[in-house]
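**Student:** Input structure: structure01.tsv, which contains TSV, C-alpha atoms.
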```
chain	number	residue	atom	x	y	z
Q	217	MET	CA	223.38	-142.10	41.47
Q	218	SER	CA	220.28	-144.30	41.50
Q	219	GLU	CA	218.45	-143.55	44.74
Q	220	ALA	CA	218.88	-139.95	45.84
Q	221	SER	CA	219.09	-138.83	42.24
Q	222	LEU	CA	215.54	-137.70	41.48
Q	223	LEU	CA	215.22	-135.82	44.78
Q	224	GLN	CA	218.71	-134.34	44.30
Q	225	GLN	CA	217.83	-133.39	40.74
Q	226	LEU	CA	214.71	-131.63	42.00
Q	227	ILE	CA	216.69	-129.68	44.60
Q	228	GLU	CA	219.27	-128.79	41.95
Q	229	SER	CA	216.61	-127.71	39.44
Q	230	LEU	CA	214.85	-125.47	41.96
Q	231	ARG	CA	218.04	-123.46	42.23
Q	232	CYS	CA	217.38	-121.92	38.81
Q	233	LEU	CA	214.89	-119.69	40.66
Q	234	PRO	CA	216.35	-116.31	41.72
Q	235	GLY	CA	217.19	-116.03	45.42
Q	236	VAL	CA	216.99	-119.78	46.01
Q	237	GLY	CA	220.11	-121.38	47.50
Q	238	PRO	CA	220.73	-124.99	48.55
Q	239	LYS	CA	218.83	-124.69	51.86
Q	240	SER	CA	215.73	-123.05	50.37
Q	241	ALA	CA	215.74	-125.49	47.47
Q	242	THR	CA	215.83	-128.45	49.89
Q	243	ARG	CA	213.00	-126.96	51.92
Q	244	MET	CA	210.93	-126.36	48.78
Q	245	ALA	CA	211.51	-129.89	47.46
Q	246	PHE	CA	210.47	-131.53	50.74
Q	247	HIS	CA	207.52	-129.19	51.14
Q	248	ILE	CA	206.16	-130.11	47.71
Q	249	LEU	CA	206.76	-133.84	48.16
Q	250	GLU	CA	205.34	-134.05	51.65
Q	251	HIS	CA	202.62	-131.43	51.75
Q	252	ASP	CA	201.67	-130.16	48.32
Q	253	ARG	CA	202.00	-132.62	45.48
Q	254	ASP	CA	198.98	-131.11	43.74
Q	255	GLY	CA	200.65	-127.70	43.76
Q	256	GLY	CA	203.86	-129.24	42.45
Q	257	ARG	CA	202.05	-131.02	39.65
Q	258	ARG	CA	200.22	-127.82	38.67
Q	259	LEU	CA	203.45	-125.80	38.79
Q	260	ALA	CA	205.21	-128.36	36.57
Q	261	GLY	CA	202.41	-128.21	34.00
Q	262	VAL	CA	202.05	-124.42	33.94
Q	263	LEU	CA	205.81	-123.88	33.89
Q	264	GLU	CA	206.24	-126.20	30.93
Q	265	GLN	CA	203.41	-124.44	29.05
Q	266	ALA	CA	204.69	-120.98	29.96
Q	267	VAL	CA	208.25	-121.63	28.82
Q	268	ALA	CA	207.03	-123.18	25.58
Q	269	ARG	CA	204.30	-120.68	24.69
Q	270	ILE	CA	205.08	-117.27	26.17
Q	271	GLY	CA	206.97	-115.11	23.68
Q	272	HIS	CA	207.27	-111.42	22.94
Q	273	CYS	CA	204.50	-109.16	21.64
Q	274	SER	CA	205.17	-108.32	17.99
Q	275	GLN	CA	204.30	-104.66	18.62
Q	276	CYS	CA	205.58	-103.70	22.07
Q	277	ARG	CA	207.95	-106.61	22.83
Q	278	THR	CA	206.46	-107.36	26.25
Q	279	LEU	CA	205.91	-110.99	27.32
Q	280	THR	CA	202.74	-112.60	26.01
Q	281	GLU	CA	201.49	-115.97	24.83
Q	282	HIS	CA	199.74	-114.32	21.87
Q	283	GLU	CA	200.93	-112.56	18.71
Q	284	THR	CA	200.14	-109.15	20.22
Q	285	CYS	CA	199.65	-108.50	23.94
Q	286	ARG	CA	196.41	-107.57	25.66
Q	287	LEU	CA	197.33	-103.88	25.79
Q	288	CYS	CA	198.37	-103.55	22.14
Q	289	ALA	CA	195.28	-105.49	21.05
Q	290	ASN	CA	192.96	-103.23	23.04
Q	291	PRO	CA	191.38	-100.54	20.78
Q	292	GLN	CA	190.47	-98.49	23.89
Q	293	ARG	CA	194.13	-97.68	24.53
Q	294	ASP	CA	195.35	-94.35	23.20
Q	295	ALA	CA	197.85	-95.01	20.40
Q	296	GLY	CA	198.88	-91.34	20.59
Q	297	GLN	CA	200.94	-91.99	23.73
Q	298	LEU	CA	203.87	-94.39	23.84
Q	299	CYS	CA	205.75	-95.14	27.04
Q	300	VAL	CA	209.24	-96.63	26.68
Q	301	VAL	CA	210.28	-98.92	29.54
Q	302	GLU	CA	213.11	-101.35	30.15
Q	303	ASN	CA	211.29	-104.51	31.21
Q	304	PRO	CA	207.89	-106.22	31.15
Q	305	THR	CA	207.78	-105.83	34.96
Q	306	ASP	CA	207.87	-102.06	34.46
Q	307	VAL	CA	204.71	-102.30	32.34
Q	308	MET	CA	203.03	-104.22	35.15
Q	309	ALA	CA	204.15	-101.67	37.77
Q	310	LEU	CA	202.94	-98.68	35.72
Q	311	GLU	CA	199.63	-100.37	34.93
Q	312	GLN	CA	199.01	-101.00	38.62
Q	313	ALA	CA	200.11	-97.58	39.84
Q	314	THR	CA	198.94	-95.14	37.19
Q	315	GLY	CA	195.84	-94.43	35.13
Q	316	TYR	CA	197.90	-94.36	31.95
Q	317	SER	CA	195.83	-95.40	28.95
Q	318	GLY	CA	198.42	-95.27	26.17
Q	319	LEU	CA	200.68	-97.99	24.80
Q	320	TYR	CA	204.12	-99.25	25.80
Q	321	PHE	CA	207.36	-100.21	24.16
Q	322	VAL	CA	209.56	-102.65	26.07
Q	323	LEU	CA	213.26	-102.38	25.30
Q	324	GLY	CA	214.20	-105.51	27.24
Q	325	GLY	CA	217.20	-103.87	28.92
Q	326	ARG	CA	219.27	-100.70	28.67
Q	327	LEU	CA	222.17	-99.67	26.46
Q	328	SER	CA	225.33	-101.22	27.82
Q	329	PRO	CA	227.97	-101.61	25.09
Q	330	LEU	CA	230.41	-103.35	27.44
Q	331	ASP	CA	227.86	-106.14	28.01
Q	332	GLY	CA	227.13	-106.37	24.31
Q	333	VAL	CA	223.75	-104.64	24.59
Q	334	GLY	CA	223.43	-102.14	21.75
Q	335	PRO	CA	220.52	-100.49	19.88
Q	336	ARG	CA	219.85	-103.64	17.93
Q	337	GLU	CA	219.33	-105.83	21.04
Q	338	LEU	CA	216.87	-103.26	22.40
Q	339	GLY	CA	214.75	-103.21	19.24
Q	340	MET	CA	215.52	-99.58	18.43
Q	341	GLU	CA	214.87	-100.20	14.73
Q	342	GLN	CA	211.39	-101.46	15.53
Q	343	LEU	CA	210.83	-98.43	17.78
Q	344	ARG	CA	211.95	-96.07	14.99
Q	345	GLU	CA	209.47	-97.66	12.57
Q	346	CYS	CA	206.77	-97.30	15.20
Q	347	LEU	CA	207.58	-93.60	15.70
Q	348	ALA	CA	207.79	-93.04	11.94
Q	349	GLY	CA	204.20	-94.26	11.66
Q	350	GLY	CA	203.07	-90.84	12.80
Q	351	THR	CA	200.37	-91.85	15.28
Q	352	VAL	CA	202.52	-91.20	18.38
Q	353	LYS	CA	201.99	-87.66	19.73
Q	354	GLU	CA	203.77	-88.08	23.06
Q	355	LEU	CA	206.73	-90.31	23.78
Q	356	ILE	CA	207.20	-90.92	27.51
Q	357	LEU	CA	210.64	-92.10	28.64
Q	358	ALA	CA	210.39	-94.28	31.74
Q	359	THR	CA	213.80	-95.94	31.80
Q	360	THR	CA	215.68	-96.07	35.11
Q	361	THR	CA	217.90	-93.27	36.44
Q	362	THR	CA	221.09	-95.31	36.28
Q	363	VAL	CA	223.82	-94.12	33.93
Q	364	GLU	CA	222.81	-96.73	31.34
Q	365	GLY	CA	219.13	-95.89	31.80
Q	366	GLU	CA	219.81	-92.19	31.20
Q	367	ALA	CA	221.95	-92.99	28.16
Q	368	THR	CA	219.14	-95.16	26.83
Q	369	ALA	CA	216.58	-92.39	27.40
Q	370	HIS	CA	218.91	-89.98	25.59
Q	371	TYR	CA	219.28	-92.35	22.66
Q	372	VAL	CA	215.51	-92.80	22.35
Q	373	ALA	CA	214.97	-89.03	22.61
Q	374	GLU	CA	217.40	-88.49	19.72
Q	375	LEU	CA	215.61	-91.16	17.74
Q	376	ALA	CA	212.33	-89.31	18.28
Q	377	GLY	CA	213.89	-85.94	17.43
Q	378	GLY	CA	213.40	-86.53	13.73
Q	379	TYR	CA	209.62	-86.80	14.04
Q	380	ALA	CA	206.99	-84.29	15.18
Q	381	MET	CA	206.13	-85.36	18.71
Q	382	GLN	CA	206.47	-84.32	22.32
Q	383	VAL	CA	209.08	-86.26	24.30
Q	384	THR	CA	208.70	-86.40	28.10
Q	385	ARG	CA	210.62	-88.09	30.92
Q	386	ILE	CA	208.99	-89.35	34.12
Q	387	ALA	CA	209.87	-87.17	37.14
Q	388	HIS	CA	212.71	-88.17	39.43
Q	389	GLY	CA	213.03	-86.75	42.92
Q	390	VAL	CA	212.18	-87.30	46.56
Q	391	PRO	CA	209.75	-90.24	46.99
Q	392	LEU	CA	206.32	-89.44	48.46
Q	393	GLY	CA	206.53	-89.38	52.26
Q	394	GLY	CA	210.34	-89.44	52.11
Q	395	GLU	CA	212.10	-87.51	54.88
Q	396	LEU	CA	214.81	-85.30	53.35
Q	397	GLU	CA	217.42	-86.45	55.85
Q	398	TYR	CA	217.04	-90.09	54.79
Q	399	VAL	CA	216.99	-89.51	51.03
Q	400	ASP	CA	220.30	-90.30	49.32
Q	401	SER	CA	222.27	-87.24	48.27
Q	402	GLY	CA	222.13	-88.01	44.53
Q	403	THR	CA	218.33	-88.06	44.57
Q	404	LEU	CA	218.22	-84.94	46.74
Q	405	ALA	CA	220.58	-83.01	44.45
Q	406	HIS	CA	218.52	-84.13	41.45
Q	407	ALA	CA	215.26	-83.09	43.13
Q	408	PHE	CA	216.69	-79.71	44.13
Q	409	ALA	CA	218.11	-78.94	40.69
Q	410	GLY	CA	214.82	-80.00	39.10
Q	411	ARG	CA	212.60	-77.86	41.35
Q	412	GLN	CA	209.36	-76.69	39.77
Q	413	ARG	CA	207.70	-73.26	39.79
Q	414	LEU	CA	204.56	-73.00	41.92
Q	415	ILE	CA	203.88	-69.23	41.90
Q	416	GLY	CA	205.32	-66.52	39.66
Q	417	ASP	CA	205.90	-65.98	35.94
Q	418	GLU	CA	207.46	-68.59	33.66
Q	419	ARG	CA	211.04	-67.48	32.77
Y	36	MET	CA	191.37	-113.66	30.95
Y	37	SER	CA	192.98	-114.41	27.59
Y	38	GLU	CA	196.26	-112.51	27.54
Y	39	ALA	CA	197.83	-112.25	30.98
Y	40	SER	CA	196.44	-115.64	31.92
Y	41	LEU	CA	199.39	-117.97	31.34
Y	42	LEU	CA	201.84	-115.57	32.97
Y	43	GLN	CA	199.40	-114.96	35.82
Y	44	GLN	CA	198.89	-118.72	36.18
Y	45	LEU	CA	202.65	-119.18	36.40
Y	46	ILE	CA	202.96	-116.51	39.10
Y	47	GLU	CA	200.04	-118.08	40.97
Y	48	SER	CA	201.49	-121.61	40.68
Y	49	LEU	CA	204.90	-120.53	41.97
Y	50	ARG	CA	203.23	-119.47	45.19
Y	51	CYS	CA	202.83	-123.13	46.18
Y	52	LEU	CA	206.53	-122.95	47.12
Y	53	PRO	CA	207.14	-122.19	50.81
Y	54	GLY	CA	208.22	-118.62	51.53
Y	55	VAL	CA	207.20	-117.33	48.11
Y	56	GLY	CA	204.72	-114.43	48.12
Y	57	PRO	CA	203.30	-112.46	45.19
Y	58	LYS	CA	206.42	-110.29	44.72
Y	59	SER	CA	208.89	-113.19	44.76
Y	60	ALA	CA	206.64	-115.24	42.49
Y	61	THR	CA	206.49	-112.40	39.97
Y	62	ARG	CA	210.26	-111.99	40.09
Y	63	MET	CA	210.76	-115.75	39.62
Y	64	ALA	CA	208.35	-115.92	36.69
Y	65	PHE	CA	210.01	-113.02	34.85
Y	66	HIS	CA	213.48	-114.34	35.64
Y	67	ILE	CA	212.68	-117.72	34.11
Y	68	LEU	CA	210.96	-116.28	31.06
Y	69	GLU	CA	213.57	-113.64	30.35
Y	70	HIS	CA	216.83	-115.19	31.46
Y	71	ASP	CA	216.57	-118.92	32.11
Y	72	ARG	CA	214.07	-120.79	29.96
Y	73	ASP	CA	216.31	-123.87	29.92
Y	74	GLY	CA	216.29	-123.94	33.71
Y	75	GLY	CA	212.52	-123.53	33.72
Y	76	ARG	CA	212.05	-126.35	31.24
Y	77	ARG	CA	214.32	-128.63	33.26
Y	78	LEU	CA	212.56	-127.73	36.51
Y	79	ALA	CA	209.16	-128.46	34.95
Y	80	GLY	CA	210.31	-131.89	33.77
Y	81	VAL	CA	212.05	-132.92	36.99
Y	82	LEU	CA	209.20	-131.63	39.15
Y	83	GLU	CA	206.63	-133.61	37.20
Y	84	GLN	CA	208.77	-136.76	37.44
Y	85	ALA	CA	209.49	-136.24	41.13
Y	86	VAL	CA	205.85	-135.72	42.11
Y	87	ALA	CA	204.81	-138.76	40.10
Y	88	ARG	CA	207.58	-141.17	41.09
Y	89	ILE	CA	208.93	-140.29	44.54
Y	90	GLY	CA	207.15	-142.28	47.24
Y	91	HIS	CA	208.03	-143.64	50.66
Y	92	CYS	CA	210.57	-146.37	51.43
Y	93	SER	CA	208.74	-149.56	52.39
Y	94	GLN	CA	211.14	-150.12	55.28
Y	95	CYS	CA	212.02	-146.75	56.79
Y	96	ARG	CA	209.31	-144.52	55.27
Y	97	THR	CA	211.74	-141.87	54.00
Y	98	LEU	CA	211.24	-140.33	50.56
Y	99	THR	CA	212.59	-142.38	47.67
Y	100	GLU	CA	211.75	-143.18	44.07
Y	101	HIS	CA	212.48	-146.87	44.69
Y	102	GLU	CA	210.80	-149.63	46.71
Y	103	THR	CA	213.46	-149.33	49.44
Y	104	CYS	CA	215.75	-146.34	49.90
Y	105	ARG	CA	219.49	-146.24	49.31
Y	106	LEU	CA	220.27	-146.58	53.03
Y	107	CYS	CA	217.93	-149.52	53.71
Y	108	ALA	CA	219.19	-151.28	50.58
Y	109	ASN	CA	222.83	-150.86	51.62
Y	110	PRO	CA	224.16	-154.06	53.25
Y	111	GLN	CA	227.07	-152.06	54.74
Y	112	ARG	CA	224.71	-150.26	57.12
Y	113	ASP	CA	224.46	-151.70	60.63
Y	114	ALA	CA	220.94	-153.12	61.09
Y	115	GLY	CA	221.65	-153.33	64.84
Y	116	GLN	CA	221.10	-149.59	65.24
Y	117	LEU	CA	217.84	-147.83	64.41
Y	118	CYS	CA	217.44	-144.08	64.64
Y	119	VAL	CA	213.89	-142.73	64.87
Y	120	VAL	CA	213.41	-139.26	63.34
Y	121	GLU	CA	210.44	-137.09	62.46
Y	122	ASN	CA	211.13	-136.15	58.84
Y	123	PRO	CA	213.19	-137.17	55.79
Y	124	THR	CA	215.10	-133.88	56.17
Y	125	ASP	CA	216.30	-135.10	59.58
Y	126	VAL	CA	217.82	-138.17	57.90
Y	127	MET	CA	219.67	-135.89	55.50
Y	128	ALA	CA	220.91	-133.66	58.34
Y	129	LEU	CA	222.15	-136.61	60.43
Y	130	GLU	CA	223.82	-138.23	57.42
Y	131	GLN	CA	225.69	-135.02	56.66
Y	132	ALA	CA	226.68	-134.25	60.26
Y	133	THR	CA	227.42	-137.61	61.85
Y	134	GLY	CA	229.29	-140.80	61.04
Y	135	TYR	CA	226.23	-142.87	61.97
Y	136	SER	CA	226.19	-146.13	60.04
Y	137	GLY	CA	222.92	-147.67	61.26
Y	138	LEU	CA	219.43	-147.44	59.78
Y	139	TYR	CA	216.60	-144.94	60.21
Y	140	PHE	CA	212.87	-144.94	60.76
Y	141	VAL	CA	210.99	-141.85	59.61
Y	142	LEU	CA	207.77	-141.17	61.50
Y	143	GLY	CA	206.65	-138.40	59.16
Y	144	GLY	CA	205.63	-136.09	62.00
Y	145	ARG	CA	205.07	-136.20	65.73
Y	146	LEU	CA	202.16	-137.30	67.91
Y	147	SER	CA	199.60	-134.51	67.97
Y	148	PRO	CA	196.12	-135.87	68.72
Y	149	LEU	CA	194.48	-132.45	68.30
Y	150	ASP	CA	195.72	-132.31	64.70
Y	151	GLY	CA	194.59	-135.87	64.09
Y	152	VAL	CA	198.12	-137.28	64.13
Y	153	GLY	CA	198.10	-140.49	66.16
Y	154	PRO	CA	200.28	-143.64	66.28
Y	155	ARG	CA	198.69	-144.99	63.13
Y	156	GLU	CA	199.65	-141.91	61.02
Y	157	LEU	CA	203.25	-142.20	62.25
Y	158	GLY	CA	203.57	-145.87	61.27
Y	159	MET	CA	204.02	-147.08	64.86
Y	160	GLU	CA	202.66	-150.52	63.94
Y	161	GLN	CA	205.35	-150.88	61.27
Y	162	LEU	CA	207.97	-149.71	63.78
Y	163	ARG	CA	206.75	-152.28	66.33
Y	164	GLU	CA	207.08	-155.07	63.75
Y	165	CYS	CA	210.56	-153.86	62.92
Y	166	LEU	CA	211.55	-153.87	66.62
Y	167	ALA	CA	209.94	-157.31	67.13
Y	168	GLY	CA	212.24	-158.68	64.42
Y	169	GLY	CA	215.01	-158.82	67.01
Y	170	THR	CA	217.89	-157.43	64.94
Y	171	VAL	CA	217.79	-153.96	66.54
Y	172	LYS	CA	220.19	-153.71	69.49
Y	173	GLU	CA	220.05	-149.94	69.99
Y	174	LEU	CA	217.10	-147.66	69.34
Y	175	ILE	CA	218.13	-144.00	69.07
Y	176	LEU	CA	215.40	-141.41	69.59
Y	177	ALA	CA	216.12	-138.24	67.59
Y	178	THR	CA	212.73	-136.52	67.65
Y	179	THR	CA	212.64	-132.78	68.44
Y	180	THR	CA	212.51	-131.35	71.96
Y	181	THR	CA	209.06	-129.82	71.55
Y	182	VAL	CA	206.29	-131.13	73.80
Y	183	GLU	CA	204.95	-133.28	70.95
Y	184	GLY	CA	208.45	-134.46	70.05
Y	185	GLU	CA	209.09	-135.54	73.65
Y	186	ALA	CA	205.71	-137.28	73.83
Y	187	THR	CA	206.54	-139.09	70.61
Y	188	ALA	CA	209.95	-140.17	71.96
Y	189	HIS	CA	208.22	-141.39	75.11
Y	190	TYR	CA	205.69	-143.38	73.10
Y	191	VAL	CA	208.41	-145.03	71.01
Y	192	ALA	CA	210.44	-145.80	74.13
Y	193	GLU	CA	207.43	-147.57	75.68
Y	194	LEU	CA	206.95	-149.48	72.44
Y	195	ALA	CA	210.56	-150.68	72.63
Y	196	GLY	CA	210.24	-151.55	76.31
Y	197	GLY	CA	208.78	-154.94	75.49
Y	198	TYR	CA	211.88	-156.04	73.58
Y	199	ALA	CA	215.48	-156.58	74.65
Y	200	MET	CA	217.31	-153.51	73.39
Y	201	GLN	CA	219.02	-150.37	74.54
Y	202	VAL	CA	217.04	-147.16	74.03
Y	203	THR	CA	218.95	-143.86	73.80
Y	204	ARG	CA	218.00	-140.23	73.21
Y	205	ILE	CA	220.23	-137.70	71.44
Y	206	ALA	CA	221.68	-135.12	73.83
Y	207	HIS	CA	220.02	-131.75	74.27
Y	208	GLY	CA	221.85	-128.78	75.74
Y	209	VAL	CA	223.88	-125.70	74.95
Y	210	PRO	CA	224.90	-125.65	71.24
Y	211	LEU	CA	228.61	-125.80	70.46
Y	212	GLY	CA	230.12	-122.32	70.65
Y	213	GLY	CA	226.94	-120.97	72.25
Y	214	GLU	CA	227.47	-118.18	74.82
Y	215	LEU	CA	225.47	-118.96	77.96
Y	216	GLU	CA	224.00	-115.46	78.11
Y	217	TYR	CA	222.41	-115.83	74.67
Y	218	VAL	CA	221.05	-119.36	75.12
Y	219	ASP	CA	217.30	-119.47	75.86
Y	220	SER	CA	216.45	-120.28	79.45
Y	221	GLY	CA	214.65	-123.54	78.65
Y	222	THR	CA	217.72	-124.96	76.92
Y	223	LEU	CA	219.99	-123.69	79.71
Y	224	ALA	CA	217.83	-125.24	82.46
Y	225	HIS	CA	217.77	-128.52	80.49
Y	226	ALA	CA	221.54	-128.46	80.02
Y	227	PHE	CA	222.14	-127.69	83.70
Y	228	ALA	CA	219.80	-130.42	84.96
Y	229	GLY	CA	221.36	-132.90	82.52
Y	230	ARG	CA	224.97	-132.14	83.52
Y	231	GLN	CA	227.38	-135.05	83.11
Y	232	ARG	CA	230.05	-136.34	85.48
Y	233	LEU	CA	233.64	-135.70	84.37
Y	234	ILE	CA	235.65	-136.72	87.42
Y	235	GLY	CA	234.62	-138.74	90.47
Y	236	ASP	CA	232.76	-141.95	91.18
Y	237	GLU	CA	229.48	-142.86	89.50
Y	238	ARG	CA	226.70	-142.46	92.16
```
Starting from the file, lay out its structure as structure tokens.
**Tutor:**
Amino acid sequence: MSEASLLQQLIESLRCLPGVGPKSATRMAFHILEHDRDGGRRLAGVLEQAVARIGHCSQCRTLTEHETCRLCANPQRDAGQLCVVENPTDVMALEQATGYSGLYFVLGGRLSPLDGVGPRELGMEQLRECLAGGTVKELILATTTTVEGEATAHYVAELAGGYAMQVTRIAHGVPLGGELEYVDSGTLAHAFAGRQRLIGDER
Amino acid sequence: MSEASLLQQLIESLRCLPGVGPKSATRMAFHILEHDRDGGRRLAGVLEQAVARIGHCSQCRTLTEHETCRLCANPQRDAGQLCVVENPTDVMALEQATGYSGLYFVLGGRLSPLDGVGPRELGMEQLRECLAGGTVKELILATTTTVEGEATAHYVAELAGGYAMQVTRIAHGVPLGGELEYVDSGTLAHAFAGRQRLIGDER
């Protein structure tokens, strides 16, 4: 115990980080102790604060240290659009990539009854109340295209069916710049079946 | 500022870890906050303790939270052998791989005058005092085979020249199981030049 313990504890603790095995953890521990104690001290402080203070937004359920997140608290955002995503990282990705100016709702996962994740765990009741409020004109479903993601999107669409609003789903297909021969067959089949009219009458 | 700040600070702080860029840091931050707050809390505590309390062993200069490290404090270790290495990680590697039962001396780097690393930074004066003590019978040089590592080994060997002791260098050559065709030419030339007699008279 005694001697190696604190260093060993540090190496062990670093392994809570995703993708960090024994070798990386050892390298990280020695790097901090030998070259970047200031960084280590700062990380320890911020991490402690973050774990203690960051919770979920009372409106959209994303991660925030406040009662409501920056997006929900911003009166400039269009409350008429609500985008349903699985995780807080999805919010970040959409904010960086798109010019979307509406609000979000973070489920925190996808329906997966076998893993014990049902409508209650995903805050569906809260989402229903939000939709019942009547301000949402367009509900955008941005869950993943996995089986569970599609099931979740379907569940949310049914939930929205009872209220007067447009429900849309983000487009799935061949990625920009993707060569057809390298795109997986599922995506290609999906893109082909979902082809869109360019010229000619509707219907 | 306000909202994203603590999360952004966490992502920024995680980047002090070696090999962690913006994407990994984001993934780590969300993983801790969403799936492993206990691990994050423990890491924060241990990291703070480690940075504050882990220092260098007064005898061998390796990392330890005590005045002298576990190896130096162990009377079972043979004080007649002293192995000179560059970093605390080297001590760990040798301890795991070999049955060596002597002591170590950690330089904390290698001679590199252009980077401002001279004999003083590597604790050569402390090493000289240790060698002058007279208990060391064999000095084992285990610095790396880089130009600076060789220069450092040479410097230490000269230092030891003034005292009655054997000075050895760990063997360098083809790694175990290494196919000759895939070994780099420098290593192969070194291994060939340093070939050892199996049968026949010495000289």
**Student:** Using all atoms listed in the file, determine which residues of chain Y fall within 8 Å of chain Q; present them as a PyMOL selection string.
**Tutor:** chain Y and resi 37-39+41-42+44-45+48-49+51-53+62-63+65-68+71-72+74-86+89+99-101+104-105+124
**Student:** Can you tell me how far CA of Ile175 (chain Y) sits from CA of Tyr139 (chain Y), in Å to one decimal?
**Tutor:**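 These atoms are spaced 9.0 Å apart.
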**Student:** Tell me, as an MDAnalysis selection string, which residues lie within 10 Å of Leu343 (chain Q), counting all atoms listed in the file; anything in the same chain fewer than 3 positions away does not count.
**Tutor:** chainID Q and resid 275:276 300 321:323 338:340 346:349 372 375:376
**Student:** Using Å and a single decimal, report how far CA of Gly393 (chain Q) sits from CA of Ala367 (chain Q).
**Tutor:**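 These two atoms are separated by 28.8 Å.
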**Student:** After a least-squares superposition of chain Q on chain Y over all Cα atoms matched in order, what is the RMSD to one decimal?
**Tutor:**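 With chain Q fitted onto chain Y, the C-alpha RMSD reads 0.1 Å.
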**Student:** To one decimal place, how far is CA of Lys353 (chain Q) from CA of Leu319 (chain Q) in Å?
**Tutor:** 11.6 Å
**Student:** From the set Y:Thr181, Y:Thr203, Y:Thr97, Y:Asn109, which residue has the shortest atom-to-atom contact distance to Ser147 (chain Y), counting only C-alpha atoms?
**Tutor:**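 Ranked by minimum distance to Ser147 (chain Y), first place goes to Y:Thr181.
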**Student:** When you look at region 408-413 of chain Q with a cut-off of 9 Å (counting all atoms listed in the file), what residues show up, excluding the ones that are within fewer than 5 positions of it in the same chain? I need them as a ChimeraX atom specification.
**Tutor:** /Q:387-389,403,418
**Student:** Quick one: region 399-410 of chain Q with N, CA, C and O atoms, as a compact mmCIF listing (two decimals), in the coordinates of the input?
**Tutor:**
```txt
# COMPACT_ATOMS: atom_id res chain seq x y z
N VAL Q 399 216.90 -89.32 52.47
CA VAL Q 399 216.99 -89.51 51.03
C VAL Q 399 218.46 -89.43 50.61
O VAL Q 399 219.21 -88.60 51.13
N ASP Q 400 218.89 -90.31 49.70
CA ASP Q 400 220.30 -90.30 49.32
C ASP Q 400 220.64 -88.99 48.61
O ASP Q 400 219.78 -88.35 47.99
N SER Q 401 221.89 -88.57 48.72
CA SER Q 401 222.27 -87.24 48.27
C SER Q 401 222.11 -87.05 46.75
O SER Q 401 221.78 -85.96 46.29
N GLY Q 402 222.30 -88.12 45.98
CA GLY Q 402 222.13 -88.01 44.53
C GLY Q 402 220.69 -87.63 44.19
O GLY Q 402 220.45 -86.71 43.39
N THR Q 403 219.75 -88.33 44.81
CA THR Q 403 218.33 -88.06 44.57
C THR Q 403 217.99 -86.64 45.02
O THR Q 403 217.26 -85.92 44.33
N LEU Q 404 218.53 -86.25 46.18
CA LEU Q 404 218.22 -84.94 46.74
C LEU Q 404 218.75 -83.82 45.83
O LEU Q 404 218.05 -82.84 45.55
N ALA Q 405 219.99 -84.00 45.35
CA ALA Q 405 220.58 -83.01 44.45
C ALA Q 405 219.75 -82.91 43.17
O ALA Q 405 219.46 -81.82 42.67
N HIS Q 406 219.33 -84.08 42.66
CA HIS Q 406 218.52 -84.13 41.45
C HIS Q 406 217.19 -83.42 41.67
O HIS Q 406 216.73 -82.64 40.83
N ALA Q 407 216.56 -83.68 42.82
CA ALA Q 407 215.26 -83.09 43.13
C ALA Q 407 215.38 -81.57 43.30
O ALA Q 407 214.51 -80.81 42.89
N PHE Q 408 216.50 -81.14 43.88
CA PHE Q 408 216.69 -79.71 44.13
C PHE Q 408 216.92 -78.97 42.81
O PHE Q 408 216.31 -77.94 42.54
N ALA Q 409 217.80 -79.56 41.99
CA ALA Q 409 218.11 -78.94 40.69
C ALA Q 409 216.87 -78.92 39.79
O ALA Q 409 216.68 -78.00 39.00
N GLY Q 410 216.00 -79.92 39.95
CA GLY Q 410 214.82 -80.00 39.10
C GLY Q 410 213.59 -79.40 39.73
O GLY Q 410 212.47 -79.80 39.42
```
